[in-house]
Amino acid sequence: LKFNELEYFRSIYPLNTGEVVGHRIGNQIYEGLLRLNQTDLSVVPCLAEKMPDISADGKTYTFTLRKGVKFHDDPCFADGKGRELKAADVVNWAKILHTPAPDNKGYDYFKGRIVGGDEFYKSGGKLPQGVSGVTAVDEYTVKIELTEPLGFFNVLLTMPYAYIFPEEARQKYGENMRIQAVGTGAFTLKTVKENDAVLLLKNPNYWDKDANGNQLPYLDGIRVSFVKEHMAEFREFTQGKFDFMYRIPLEIADEVTDRKGSLLSEYKKYQ
């Protein structure tokens with residue numbers, strides 16, 4: 001699938017994703033415990049195998065992770081092979097989320113919400129016990145304790161700031177995670193050519209299947225280009241270099257026709 005973005009992304013590092021282009025790319029690579037159903041935007045399980053069990057007082061969320069979910073193959077792992085996602089990775093996410101850093105935009109969304117989170121942040125991310133409100137019950141079970149009931153907490157967990165990535169990637173790439181990505185998503189990051197293009201390839205080890213049991217994703221890859229001038233983008237689209245465009249420039253409204261050559265009615269008013 002080939003398409004264009006008129007603006008270049010700033011970062012695809014989950015905690016520093018603050019604009020839509022980075023989000024569109026990042027959510028093909030990374031995943032969180034929950035995600036939004038793209039049909040009706042309801043919250044549904046993702047890395048969690050089901051919706052969380054919530055305590056009677058609304059303050060404790062217990063998540064059961066899917067077994068067999070693996071991070072992408074990457075040199076950050078000793079053998080280059082992606083290891084299995086475990087509860088410890090979610091515990092580590094909470095630590096990074098609550099650690100002060102120039103590229104951490106996520107903390108403000110969770111500030112004051114998770115038990116022990118603010119204390120960990122104020123310590124500079126150095127408390128040995130970590131974020132006390134996020135604990136691993138076992139390898140596949142995580143408990144998150146909130147400071148008070150929060151009806152939209154599940155929605156917060158669908159944001160890029162709650163995507164899970166391995167500590168090995170952060171240790172190897174550091175600030176370069178702006179353009180280096182290791183997640184569990186349907187696509188792996190193959191190439192980033194700054195201000196030119198991003199190439200994503202199908203993750204052969206992806207955990208999800210469609211309703212008929214077919215392996216996802218269907219696509220072999222995604223290529224995102226960054227032609228920044230709208231008319232230039234349209235010219236490349238007409239040459240078959242992109243599979244779709246978000247918007248048609250008004251300057252060429254009188255040239256927009258259907259497959260039979262008739263001017264599309266919604267553009268006639270611009271003649």
# chains A, B, ... in the order shown; residues from 1 in each chain; ligands from 1
call {"tool": "residues_around", "arguments": {"residues": "Lys67 of chain A", "least_positions_apart": "2", "cutoff": "8 Å", "atoms": "only C-alpha atoms", "output": "list in words"}}
result
Leu65, Val69, Glu84, Leu85 and Tyr140 of chain A
call {"tool": "write_last_selection", "arguments": {"atoms": "N, CA, C and O atoms", "output": "compact mmCIF listing (two decimals), in the first residue's frame"}}
result
# COMPACT_ATOMS: atom_id res chain seq x y z
N LEU A 65 -2.56 -11.09 29.81
CA LEU A 65 -1.91 -10.93 28.51
C LEU A 65 -2.14 -12.16 27.62
O LEU A 65 -2.26 -13.28 28.11
N VAL A 69 2.53 -13.78 22.14
CA VAL A 69 2.78 -12.53 21.42
C VAL A 69 4.27 -12.21 21.48
O VAL A 69 4.86 -12.21 22.56
N GLU A 84 9.08 -13.19 23.69
CA GLU A 84 7.66 -13.11 24.03
C GLU A 84 7.38 -11.93 24.97
O GLU A 84 8.18 -11.61 25.85
N LEU A 85 6.25 -11.29 24.73
CA LEU A 85 5.77 -10.24 25.62
C LEU A 85 5.39 -10.84 26.96
O LEU A 85 4.70 -11.86 27.02
N TYR A 140 1.88 -13.51 32.95
CA TYR A 140 0.89 -13.05 31.99
C TYR A 140 -0.24 -12.23 32.62
O TYR A 140 -1.25 -11.98 31.96
call {"tool": "residues_around", "arguments": {"residues": "Met245 of chain A", "least_positions_apart": "6", "cutoff": "8 Å", "atoms": "only C-alpha atoms", "output": "PyMOL selection string"}}
result
chain A and resi 3-4+234+237
call {"tool": "residues_around", "arguments": {"residues": "Glu194 of chain A", "least_positions_apart": "2", "cutoff": "10 Å", "atoms": "only C-alpha atoms", "output": "ChimeraX atom specification"}}
result
/A:8-9,179,191-192,196-198,226
call {"tool": "select_by_dssp", "arguments": {"residues": "segment 57-163 of chain A", "states": "alpha helix (DSSP H)", "output": "PyMOL selection string"}}
result
chain A and resi 87-97+107-110+117-122+153-156
call {"tool": "write_last_selection", "arguments": {"atoms": "N, CA and C atoms", "output": "compact mmCIF listing (two decimals), in the first residue's frame"}}
result
# COMPACT_ATOMS: atom_id res chain seq x y z
N ALA A 87 4.41 -9.87 31.40
CA ALA A 87 3.87 -8.86 32.31
C ALA A 87 4.95 -7.86 32.73
N ALA A 88 6.19 -8.32 32.83
CA ALA A 88 7.29 -7.43 33.23
C ALA A 88 7.45 -6.27 32.25
N ASP A 89 7.07 -6.46 30.99
CA ASP A 89 7.17 -5.38 30.01
C ASP A 89 6.15 -4.28 30.29
N VAL A 90 4.99 -4.65 30.81
CA VAL A 90 3.98 -3.66 31.17
C VAL A 90 4.43 -2.90 32.42
N VAL A 91 5.03 -3.61 33.37
CA VAL A 91 5.57 -2.97 34.57
C VAL A 91 6.65 -1.98 34.17
N ASN A 92 7.49 -2.37 33.22
CA ASN A 92 8.56 -1.48 32.77
C ASN A 92 8.01 -0.27 32.03
N TRP A 93 6.92 -0.48 31.25
CA TRP A 93 6.25 0.65 30.58
C TRP A 93 5.84 1.70 31.60
N ALA A 94 5.28 1.27 32.72
CA ALA A 94 4.84 2.21 33.75
C ALA A 94 6.01 3.02 34.30
N LYS A 95 7.17 2.38 34.45
CA LYS A 95 8.35 3.09 34.93
C LYS A 95 8.78 4.17 33.94
N ILE A 96 8.86 3.81 32.66
CA ILE A 96 9.30 4.76 31.64
C ILE A 96 8.30 5.90 31.51
N LEU A 97 7.01 5.58 31.57
CA LEU A 97 5.96 6.59 31.49
C LEU A 97 6.09 7.61 32.61
N TYR A 107 3.40 11.36 30.27
CA TYR A 107 3.18 11.46 31.71
C TYR A 107 2.00 12.36 32.06
N ASP A 108 1.86 13.47 31.36
CA ASP A 108 0.79 14.43 31.67
C ASP A 108 -0.59 13.81 31.58
N TYR A 109 -0.76 12.80 30.72
CA TYR A 109 -2.07 12.15 30.57
C TYR A 109 -2.36 11.19 31.72
N PHE A 110 -1.31 10.72 32.37
CA PHE A 110 -1.48 9.74 33.45
C PHE A 110 -1.14 10.33 34.82
N GLY A 117 2.71 6.54 40.89
CA GLY A 117 3.26 7.12 39.66
C GLY A 117 3.91 8.47 39.88
N ASP A 118 3.23 9.34 40.61
CA ASP A 118 3.78 10.67 40.84
C ASP A 118 5.03 10.62 41.72
N GLU A 119 5.03 9.73 42.70
CA GLU A 119 6.20 9.58 43.56
C GLU A 119 7.42 9.12 42.74
N PHE A 120 7.18 8.19 41.83
CA PHE A 120 8.26 7.70 40.98
C PHE A 120 8.77 8.82 40.08
N TYR A 121 7.87 9.62 39.55
CA TYR A 121 8.25 10.74 38.68
C TYR A 121 9.09 11.76 39.46
N LYS A 122 8.65 12.10 40.66
CA LYS A 122 9.37 13.09 41.46
C LYS A 122 10.76 12.60 41.87
N PHE A 153 -10.39 5.33 31.91
CA PHE A 153 -9.04 4.79 31.99
C PHE A 153 -8.75 3.83 30.83
N ASN A 154 -9.74 3.00 30.47
CA ASN A 154 -9.54 2.10 29.34
C ASN A 154 -9.22 2.87 28.06
N VAL A 155 -9.85 4.03 27.89
CA VAL A 155 -9.57 4.85 26.70
C VAL A 155 -8.13 5.36 26.72
N LEU A 156 -7.66 5.77 27.89
CA LEU A 156 -6.27 6.22 28.00
C LEU A 156 -5.29 5.14 27.54
call {"tool": "residues_around", "arguments": {"residues": "Arg170 of chain A", "least_positions_apart": "5", "cutoff": "10 Å", "atoms": "only C-alpha atoms", "output": "NGL selection string"}}
result
:A and (13 or 76 or 96 or 165 or 175-177 or 180-182)
call {"tool": "atom_distance", "arguments": {"atom1": "atom CA of Asn16 of chain A", "atom2": "atom CA of Asp243 of chain A"}}
result
28.8 Å
call {"tool": "residues_around", "arguments": {"residues": "Thr141 of chain A", "least_positions_apart": "6", "cutoff": "9 Å", "atoms": "only C-alpha atoms", "output": "number ranges by chain"}}
result
A: 62-65, 86-87, 135
call {"tool": "write_last_selection", "arguments": {"atoms": "N, CA, C and O atoms", "output": "PDB file, in the first residue's frame"}}
result
ATOM      1  N   THR A  62      -7.230  -5.530  36.411  1.00  0.00           N
ATOM      2  CA  THR A  62      -6.382  -6.711  36.247  1.00  0.00           C
ATOM      3  C   THR A  62      -6.448  -7.180  34.800  1.00  0.00           C
ATOM      4  O   THR A  62      -7.524  -7.491  34.284  1.00  0.00           O
ATOM      5  N   PHE A  63      -5.287  -7.213  34.150  1.00  0.00           N
ATOM      6  CA  PHE A  63      -5.194  -7.590  32.741  1.00  0.00           C
ATOM      7  C   PHE A  63      -4.508  -8.945  32.596  1.00  0.00           C
ATOM      8  O   PHE A  63      -3.499  -9.207  33.244  1.00  0.00           O
ATOM      9  N   THR A  64      -5.065  -9.766  31.714  1.00  0.00           N
ATOM     10  CA  THR A  64      -4.433 -11.039  31.352  1.00  0.00           C
ATOM     11  C   THR A  64      -3.877 -10.906  29.947  1.00  0.00           C
ATOM     12  O   THR A  64      -4.613 -10.620  29.000  1.00  0.00           O
ATOM     13  N   LEU A  65      -2.561 -11.092  29.805  1.00  0.00           N
ATOM     14  CA  LEU A  65      -1.914 -10.933  28.506  1.00  0.00           C
ATOM     15  C   LEU A  65      -2.137 -12.156  27.620  1.00  0.00           C
ATOM     16  O   LEU A  65      -2.265 -13.281  28.109  1.00  0.00           O
ATOM     17  N   LYS A  86       5.828 -10.203  28.053  1.00  0.00           N
ATOM     18  CA  LYS A  86       5.501 -10.680  29.394  1.00  0.00           C
ATOM     19  C   LYS A  86       4.987  -9.524  30.253  1.00  0.00           C
ATOM     20  O   LYS A  86       5.116  -8.349  29.898  1.00  0.00           O
ATOM     21  N   ALA A  87       4.413  -9.866  31.398  1.00  0.00           N
ATOM     22  CA  ALA A  87       3.872  -8.856  32.306  1.00  0.00           C
ATOM     23  C   ALA A  87       4.946  -7.861  32.735  1.00  0.00           C
ATOM     24  O   ALA A  87       4.658  -6.679  32.961  1.00  0.00           O
ATOM     25  N   THR A 135       1.885  -3.863  39.023  1.00  0.00           N
ATOM     26  CA  THR A 135       2.610  -5.050  39.468  1.00  0.00           C
ATOM     27  C   THR A 135       2.292  -6.255  38.586  1.00  0.00           C
ATOM     28  O   THR A 135       1.204  -6.361  38.013  1.00  0.00           O
TER      29      THR A 135
END
call {"tool": "closest_residue", "arguments": {"among": "A:Leu201, A:Val137, A:Leu146, A:Val224", "to": "Asp57 of chain A", "atoms": "only C-alpha atoms"}}
result
A:Leu146
call {"tool": "closest_atom_pairs", "arguments": {"of": "segment 135-222 of chain A", "to": "segment 30-44 of chain A", "cutoff": "10 Å", "atoms": "only C-alpha atoms", "output": "CSV"}}
result
residue,atom,partner,partner_atom,distance
A:Asn154,CA,A:Val43,CA,7.1
A:Val155,CA,A:Val43,CA,6.7
A:Leu156,CA,A:Leu34,CA,9.1
A:Leu157,CA,A:Leu34,CA,6.0
A:Thr158,CA,A:Arg35,CA,4.6
A:Met159,CA,A:Gly32,CA,7.9
A:Pro160,CA,A:Gly32,CA,7.7
A:Tyr161,CA,A:Gly32,CA,8.7
A:Ala162,CA,A:Gly32,CA,5.6
A:Tyr163,CA,A:Gly32,CA,4.2
A:Ile164,CA,A:Gly32,CA,5.6
A:Phe165,CA,A:Tyr30,CA,7.3
A:Ala181,CA,A:Tyr30,CA,8.1
A:Val182,CA,A:Tyr30,CA,7.4
A:Gly183,CA,A:Tyr30,CA,4.5
A:Thr184,CA,A:Tyr30,CA,5.6
A:Gly185,CA,A:Tyr30,CA,4.9
A:Ala186,CA,A:Tyr30,CA,8.2
A:Phe187,CA,A:Tyr30,CA,8.5
A:Thr188,CA,A:Tyr30,CA,9.0
call {"tool": "write_last_selection", "arguments": {"atoms": "N, CA, C and O atoms", "output": "PDB file, in the first residue's frame"}}
result
ATOM      1  N   ASN A 154      -9.744   3.005  30.470  1.00  0.00           N
ATOM      2  CA  ASN A 154      -9.540   2.098  29.341  1.00  0.00           C
ATOM      3  C   ASN A 154      -9.222   2.869  28.063  1.00  0.00           C
ATOM      4  O   ASN A 154      -8.440   2.414  27.233  1.00  0.00           O
ATOM      5  N   VAL A 155      -9.846   4.033  27.888  1.00  0.00           N
ATOM      6  CA  VAL A 155      -9.573   4.852  26.700  1.00  0.00           C
ATOM      7  C   VAL A 155      -8.134   5.356  26.720  1.00  0.00           C
ATOM      8  O   VAL A 155      -7.445   5.363  25.694  1.00  0.00           O
ATOM      9  N   LEU A 156      -7.655   5.767  27.890  1.00  0.00           N
ATOM     10  CA  LEU A 156      -6.266   6.217  28.004  1.00  0.00           C
ATOM     11  C   LEU A 156      -5.292   5.136  27.540  1.00  0.00           C
ATOM     12  O   LEU A 156      -4.263   5.431  26.932  1.00  0.00           O
ATOM     13  N   LEU A 157      -5.638   3.893  27.800  1.00  0.00           N
ATOM     14  CA  LEU A 157      -4.744   2.792  27.461  1.00  0.00           C
ATOM     15  C   LEU A 157      -4.733   2.468  25.973  1.00  0.00           C
ATOM     16  O   LEU A 157      -3.970   1.611  25.526  1.00  0.00           O
ATOM     17  N   THR A 158      -5.587   3.122  25.188  1.00  0.00           N
ATOM     18  CA  THR A 158      -5.541   2.945  23.734  1.00  0.00           C
ATOM     19  C   THR A 158      -4.635   3.982  23.067  1.00  0.00           C
ATOM     20  O   THR A 158      -4.371   3.895  21.870  1.00  0.00           O
ATOM     21  N   MET A 159      -4.145   4.954  23.817  1.00  0.00           N
ATOM     22  CA  MET A 159      -3.318   6.021  23.253  1.00  0.00           C
ATOM     23  C   MET A 159      -1.894   5.531  22.978  1.00  0.00           C
ATOM     24  O   MET A 159      -1.444   4.536  23.568  1.00  0.00           O
ATOM     25  N   PRO A 160      -1.170   6.217  22.085  1.00  0.00           N
ATOM     26  CA  PRO A 160       0.221   5.821  21.807  1.00  0.00           C
ATOM     27  C   PRO A 160       1.090   5.768  23.053  1.00  0.00           C
ATOM     28  O   PRO A 160       2.028   4.966  23.124  1.00  0.00           O
ATOM     29  N   TYR A 161       0.768   6.607  24.052  1.00  0.00           N
ATOM     30  CA  TYR A 161       1.571   6.663  25.267  1.00  0.00           C
ATOM     31  C   TYR A 161       1.478   5.375  26.079  1.00  0.00           C
ATOM     32  O   TYR A 161       2.258   5.175  27.018  1.00  0.00           O
ATOM     33  N   ALA A 162       0.548   4.498  25.713  1.00  0.00           N
ATOM     34  CA  ALA A 162       0.409   3.227  26.414  1.00  0.00           C
ATOM     35  C   ALA A 162       0.850   2.040  25.561  1.00  0.00           C
ATOM     36  O   ALA A 162       0.603   0.890  25.919  1.00  0.00           O
ATOM     37  N   TYR A 163       1.498   2.312  24.424  1.00  0.00           N
ATOM     38  CA  TYR A 163       2.049   1.223  23.628  1.00  0.00           C
ATOM     39  C   TYR A 163       3.200   0.565  24.387  1.00  0.00           C
ATOM     40  O   TYR A 163       3.985   1.232  25.069  1.00  0.00           O
ATOM     41  N   ILE A 164       3.315  -0.750  24.237  1.00  0.00           N
ATOM     42  CA  ILE A 164       4.337  -1.507  24.958  1.00  0.00           C
ATOM     43  C   ILE A 164       5.514  -1.827  24.029  1.00  0.00           C
ATOM     44  O   ILE A 164       5.321  -2.292  22.906  1.00  0.00           O
ATOM     45  N   PHE A 165       6.712  -1.565  24.498  1.00  0.00           N
ATOM     46  CA  PHE A 165       7.915  -1.886  23.730  1.00  0.00           C
ATOM     47  C   PHE A 165       8.943  -2.499  24.684  1.00  0.00           C
ATOM     48  O   PHE A 165       8.876  -2.309  25.898  1.00  0.00           O
ATOM     49  N   ALA A 181      12.096   1.469  15.736  1.00  0.00           N
ATOM     50  CA  ALA A 181      10.886   0.994  16.414  1.00  0.00           C
ATOM     51  C   ALA A 181      10.880  -0.525  16.538  1.00  0.00           C
ATOM     52  O   ALA A 181      11.171  -1.233  15.576  1.00  0.00           O
ATOM     53  N   VAL A 182      10.550  -0.999  17.728  1.00  0.00           N
ATOM     54  CA  VAL A 182      10.403  -2.436  17.971  1.00  0.00           C
ATOM     55  C   VAL A 182       9.122  -2.628  18.765  1.00  0.00           C
ATOM     56  O   VAL A 182       9.048  -2.254  19.937  1.00  0.00           O
ATOM     57  N   GLY A 183       8.101  -3.169  18.127  1.00  0.00           N
ATOM     58  CA  GLY A 183       6.826  -3.368  18.799  1.00  0.00           C
ATOM     59  C   GLY A 183       6.315  -4.780  18.607  1.00  0.00           C
ATOM     60  O   GLY A 183       7.088  -5.713  18.348  1.00  0.00           O
ATOM     61  N   THR A 184       5.004  -4.934  18.711  1.00  0.00           N
ATOM     62  CA  THR A 184       4.357  -6.231  18.505  1.00  0.00           C
ATOM     63  C   THR A 184       3.349  -6.168  17.373  1.00  0.00           C
ATOM     64  O   THR A 184       2.625  -7.129  17.129  1.00  0.00           O
ATOM     65  N   GLY A 185       3.283  -5.037  16.666  1.00  0.00           N
ATOM     66  CA  GLY A 185       2.220  -4.783  15.700  1.00  0.00           C
ATOM     67  C   GLY A 185       2.317  -5.575  14.407  1.00  0.00           C
ATOM     68  O   GLY A 185       3.247  -6.363  14.183  1.00  0.00           O
ATOM     69  N   ALA A 186       1.350  -5.309  13.524  1.00  0.00           N
ATOM     70  CA  ALA A 186       1.208  -6.055  12.276  1.00  0.00           C
ATOM     71  C   ALA A 186       2.338  -5.796  11.292  1.00  0.00           C
ATOM     72  O   ALA A 186       2.573  -6.596  10.380  1.00  0.00           O
ATOM     73  N   PHE A 187       3.045  -4.678  11.461  1.00  0.00           N
ATOM     74  CA  PHE A 187       4.128  -4.335  10.548  1.00  0.00           C
ATOM     75  C   PHE A 187       5.402  -4.010  11.317  1.00  0.00           C
ATOM     76  O   PHE A 187       5.363  -3.472  12.419  1.00  0.00           O
ATOM     77  N   THR A 188       6.527  -4.331  10.702  1.00  0.00           N
ATOM     78  CA  THR A 188       7.833  -4.003  11.253  1.00  0.00           C
ATOM     79  C   THR A 188       8.411  -2.816  10.485  1.00  0.00           C
ATOM     80  O   THR A 188       8.111  -2.622   9.306  1.00  0.00           O
TER      81      THR A 188
END
call {"tool": "select_by_dssp", "arguments": {"residues": "segment 14-114 of chain A", "states": "strand (DSSP E)", "output": "list in words"}}
result
Leu34, Arg35, Leu36, Val43, Val44, Pro45, Asp53, Ile54, Thr60, Tyr61, Thr62, Phe63 and Thr64 of chain A
call {"tool": "write_last_selection", "arguments": {"atoms": "all heavy atoms", "output": "mmCIF file, in the first residue's frame"}}
result
data_model
loop_
_atom_site.group_PDB
_atom_site.id
_atom_site.type_symbol
_atom_site.label_atom_id
_atom_site.label_comp_id
_atom_site.auth_asym_id
_atom_site.auth_seq_id
_atom_site.Cartn_x
_atom_site.Cartn_y
_atom_site.Cartn_z
ATOM 1 N N LEU A 34 -4.994 -2.388 25.155
ATOM 2 C CA LEU A 34 -6.305 -2.205 24.540
ATOM 3 C C LEU A 34 -6.152 -1.375 23.276
ATOM 4 O O LEU A 34 -5.147 -0.700 23.079
ATOM 5 C CB LEU A 34 -7.262 -1.509 25.514
ATOM 6 C CG LEU A 34 -7.432 -2.164 26.891
ATOM 7 C CD1 LEU A 34 -8.258 -1.263 27.804
ATOM 8 C CD2 LEU A 34 -8.080 -3.543 26.765
ATOM 9 N N ARG A 35 -7.168 -1.404 22.414
ATOM 10 C CA ARG A 35 -7.169 -0.571 21.219
ATOM 11 C C ARG A 35 -8.598 -0.194 20.868
ATOM 12 O O ARG A 35 -9.559 -0.710 21.456
ATOM 13 C CB ARG A 35 -6.502 -1.289 20.042
ATOM 14 C CG ARG A 35 -7.222 -2.549 19.560
ATOM 15 C CD ARG A 35 -6.427 -3.231 18.475
ATOM 16 N NE ARG A 35 -6.969 -4.539 18.122
ATOM 17 C CZ ARG A 35 -6.320 -5.441 17.381
ATOM 18 N NH1 ARG A 35 -5.100 -5.163 16.930
ATOM 19 N NH2 ARG A 35 -6.866 -6.608 17.099
ATOM 20 N N LEU A 36 -8.744 0.696 19.895
ATOM 21 C CA LEU A 36 -10.062 1.128 19.450
ATOM 22 C C LEU A 36 -10.522 0.273 18.274
ATOM 23 O O LEU A 36 -9.764 0.036 17.329
ATOM 24 C CB LEU A 36 -10.041 2.599 19.031
ATOM 25 C CG LEU A 36 -9.731 3.609 20.132
ATOM 26 C CD1 LEU A 36 -9.671 5.012 19.547
ATOM 27 C CD2 LEU A 36 -10.772 3.547 21.247
ATOM 28 N N VAL A 43 -13.733 0.458 22.776
ATOM 29 C CA VAL A 43 -12.474 -0.076 23.293
ATOM 30 C C VAL A 43 -12.546 -1.601 23.325
ATOM 31 O O VAL A 43 -13.497 -2.174 23.866
ATOM 32 C CB VAL A 43 -12.180 0.469 24.701
ATOM 33 C CG1 VAL A 43 -10.891 -0.129 25.243
ATOM 34 C CG2 VAL A 43 -12.093 1.992 24.669
ATOM 35 N N VAL A 44 -11.545 -2.255 22.735
ATOM 36 C CA VAL A 44 -11.526 -3.720 22.663
ATOM 37 C C VAL A 44 -10.146 -4.222 23.089
ATOM 38 O O VAL A 44 -9.169 -3.470 23.104
ATOM 39 C CB VAL A 44 -11.847 -4.211 21.236
ATOM 40 C CG1 VAL A 44 -13.280 -3.835 20.852
ATOM 41 C CG2 VAL A 44 -10.862 -3.647 20.221
ATOM 42 N N PRO A 45 -10.022 -5.502 23.436
ATOM 43 C CA PRO A 45 -8.725 -6.048 23.843
ATOM 44 C C PRO A 45 -7.722 -6.037 22.697
ATOM 45 O O PRO A 45 -8.091 -6.140 21.530
ATOM 46 C CB PRO A 45 -9.062 -7.477 24.260
ATOM 47 C CG PRO A 45 -10.535 -7.483 24.515
ATOM 48 C CD PRO A 45 -11.104 -6.486 23.570
ATOM 49 N N ASP A 53 -10.505 -7.120 34.303
ATOM 50 C CA ASP A 53 -11.382 -7.291 35.455
ATOM 51 C C ASP A 53 -11.200 -6.067 36.334
ATOM 52 O O ASP A 53 -10.069 -5.699 36.682
ATOM 53 C CB ASP A 53 -11.004 -8.560 36.233
ATOM 54 C CG ASP A 53 -11.250 -9.822 35.424
ATOM 55 O OD1 ASP A 53 -12.231 -9.863 34.670
ATOM 56 O OD2 ASP A 53 -10.417 -10.758 35.525
ATOM 57 N N ILE A 54 -12.297 -5.427 36.696
ATOM 58 C CA ILE A 54 -12.244 -4.191 37.480
ATOM 59 C C ILE A 54 -12.844 -4.447 38.857
ATOM 60 O O ILE A 54 -13.924 -5.038 38.973
ATOM 61 C CB ILE A 54 -13.010 -3.052 36.767
ATOM 62 C CG1 ILE A 54 -12.459 -2.863 35.349
ATOM 63 C CG2 ILE A 54 -12.892 -1.753 37.559
ATOM 64 C CD1 ILE A 54 -13.222 -1.842 34.520
ATOM 65 N N THR A 60 -9.004 -0.908 40.767
ATOM 66 C CA THR A 60 -8.000 -1.910 40.424
ATOM 67 C C THR A 60 -8.380 -2.630 39.133
ATOM 68 O O THR A 60 -9.455 -3.214 39.033
ATOM 69 C CB THR A 60 -7.826 -2.942 41.552
ATOM 70 O OG1 THR A 60 -7.465 -2.267 42.760
ATOM 71 C CG2 THR A 60 -6.740 -3.945 41.195
ATOM 72 N N TYR A 61 -7.484 -2.562 38.148
ATOM 73 C CA TYR A 61 -7.687 -3.193 36.846
ATOM 74 C C TYR A 61 -6.709 -4.357 36.716
ATOM 75 O O TYR A 61 -5.499 -4.184 36.880
ATOM 76 C CB TYR A 61 -7.424 -2.197 35.716
ATOM 77 C CG TYR A 61 -8.489 -1.144 35.533
ATOM 78 C CD1 TYR A 61 -8.810 -0.257 36.561
ATOM 79 C CD2 TYR A 61 -9.183 -1.032 34.339
ATOM 80 C CE1 TYR A 61 -9.783 0.718 36.399
ATOM 81 C CE2 TYR A 61 -10.161 -0.059 34.155
ATOM 82 C CZ TYR A 61 -10.450 0.808 35.193
ATOM 83 O OH TYR A 61 -11.424 1.773 35.023
ATOM 84 N N THR A 62 -7.230 -5.530 36.411
ATOM 85 C CA THR A 62 -6.382 -6.711 36.247
ATOM 86 C C THR A 62 -6.448 -7.180 34.800
ATOM 87 O O THR A 62 -7.524 -7.491 34.284
ATOM 88 C CB THR A 62 -6.817 -7.842 37.191
ATOM 89 O OG1 THR A 62 -6.776 -7.376 38.547
ATOM 90 C CG2 THR A 62 -5.882 -9.041 37.045
ATOM 91 N N PHE A 63 -5.287 -7.213 34.150
ATOM 92 C CA PHE A 63 -5.194 -7.590 32.741
ATOM 93 C C PHE A 63 -4.508 -8.945 32.596
ATOM 94 O O PHE A 63 -3.499 -9.207 33.244
ATOM 95 C CB PHE A 63 -4.381 -6.557 31.958
ATOM 96 C CG PHE A 63 -5.046 -5.217 31.834
ATOM 97 C CD1 PHE A 63 -4.836 -4.242 32.799
ATOM 98 C CD2 PHE A 63 -5.862 -4.929 30.750
ATOM 99 C CE1 PHE A 63 -5.444 -2.999 32.682
ATOM 100 C CE2 PHE A 63 -6.473 -3.686 30.627
ATOM 101 C CZ PHE A 63 -6.263 -2.722 31.598
ATOM 102 N N THR A 64 -5.065 -9.766 31.714
ATOM 103 C CA THR A 64 -4.433 -11.039 31.352
ATOM 104 C C THR A 64 -3.877 -10.906 29.947
ATOM 105 O O THR A 64 -4.613 -10.620 29.000
ATOM 106 C CB THR A 64 -5.451 -12.198 31.404
ATOM 107 O OG1 THR A 64 -6.007 -12.289 32.712
ATOM 108 C CG2 THR A 64 -4.776 -13.516 31.049
#
call {"tool": "atom_distance", "arguments": {"atom1": "atom CA of Tyr173 of chain A", "atom2": "atom CA of Phe77 of chain A"}}
result
11.8 Å
call {"tool": "closest_residue", "arguments": {"among": "A:Asp79, A:Asp103, A:Glu49, A:Glu229", "to": "Asp208 of chain A", "atoms": "only C-alpha atoms"}}
result
A:Glu49
call {"tool": "residues_around", "arguments": {"residues": "Lys81 of chain A", "least_positions_apart": "6", "cutoff": "9 Å", "atoms": "only C-alpha atoms", "output": "ChimeraX atom specification"}}
result
/A:71-75
call {"tool": "atom_distance", "arguments": {"atom1": "atom CA of Asp138 of chain A", "atom2": "atom CA of Glu167 of chain A"}}
result
18.5 Å
call {"tool": "closest_residue", "arguments": {"among": "A:Pro102, A:Gly213, A:Gly26, A:Pro128", "to": "Ile12 of chain A", "atoms": "only C-alpha atoms"}}
result
A:Gly26
call {"tool": "residues_around", "arguments": {"residues": "Gly58 of chain A", "least_positions_apart": "4", "cutoff": "8 Å", "atoms": "only C-alpha atoms", "output": "ChimeraX atom specification"}}
result
/A:54,148-150
call {"tool": "write_last_selection", "arguments": {"atoms": "all heavy atoms", "output": "CSV table (one decimal), in the first residue's frame"}}
result
chain,number,residue,atom,x,y,z
A,54,ILE,N,-12.3,-5.4,36.7
A,54,ILE,CA,-12.2,-4.2,37.5
A,54,ILE,C,-12.8,-4.4,38.9
A,54,ILE,O,-13.9,-5.0,39.0
A,54,ILE,CB,-13.0,-3.1,36.8
A,54,ILE,CG1,-12.5,-2.9,35.3
A,54,ILE,CG2,-12.9,-1.8,37.6
A,54,ILE,CD1,-13.2,-1.8,34.5
A,148,GLU,N,-8.0,6.8,42.1
A,148,GLU,CA,-9.4,7.0,42.3
A,148,GLU,C,-10.1,6.4,41.0
A,148,GLU,O,-9.4,6.2,40.0
A,148,GLU,CB,-9.8,8.4,42.4
A,148,GLU,CG,-9.4,9.3,41.3
A,148,GLU,CD,-9.7,10.8,41.5
A,148,GLU,OE1,-10.1,11.1,42.7
A,148,GLU,OE2,-9.5,11.6,40.6
A,149,PRO,N,-11.4,6.0,41.1
A,149,PRO,CA,-12.1,5.5,39.9
A,149,PRO,C,-12.0,6.4,38.8
A,149,PRO,O,-12.1,7.7,38.9
A,149,PRO,CB,-13.5,5.3,40.4
A,149,PRO,CG,-13.4,5.2,41.9
A,149,PRO,CD,-12.3,6.1,42.3
A,150,LEU,N,-11.8,5.9,37.6
A,150,LEU,CA,-11.7,6.7,36.4
A,150,LEU,C,-12.4,6.0,35.2
A,150,LEU,O,-11.9,5.0,34.7
A,150,LEU,CB,-10.2,6.9,36.1
A,150,LEU,CG,-9.8,8.0,35.0
A,150,LEU,CD1,-10.2,9.4,35.5
A,150,LEU,CD2,-8.3,7.9,34.7
call {"tool": "closest_residue", "arguments": {"among": "A:Arg178, A:Leu219, A:Thr147, A:Lys50", "to": "Gly112 of chain A", "atoms": "only C-alpha atoms"}}
result
A:Thr147
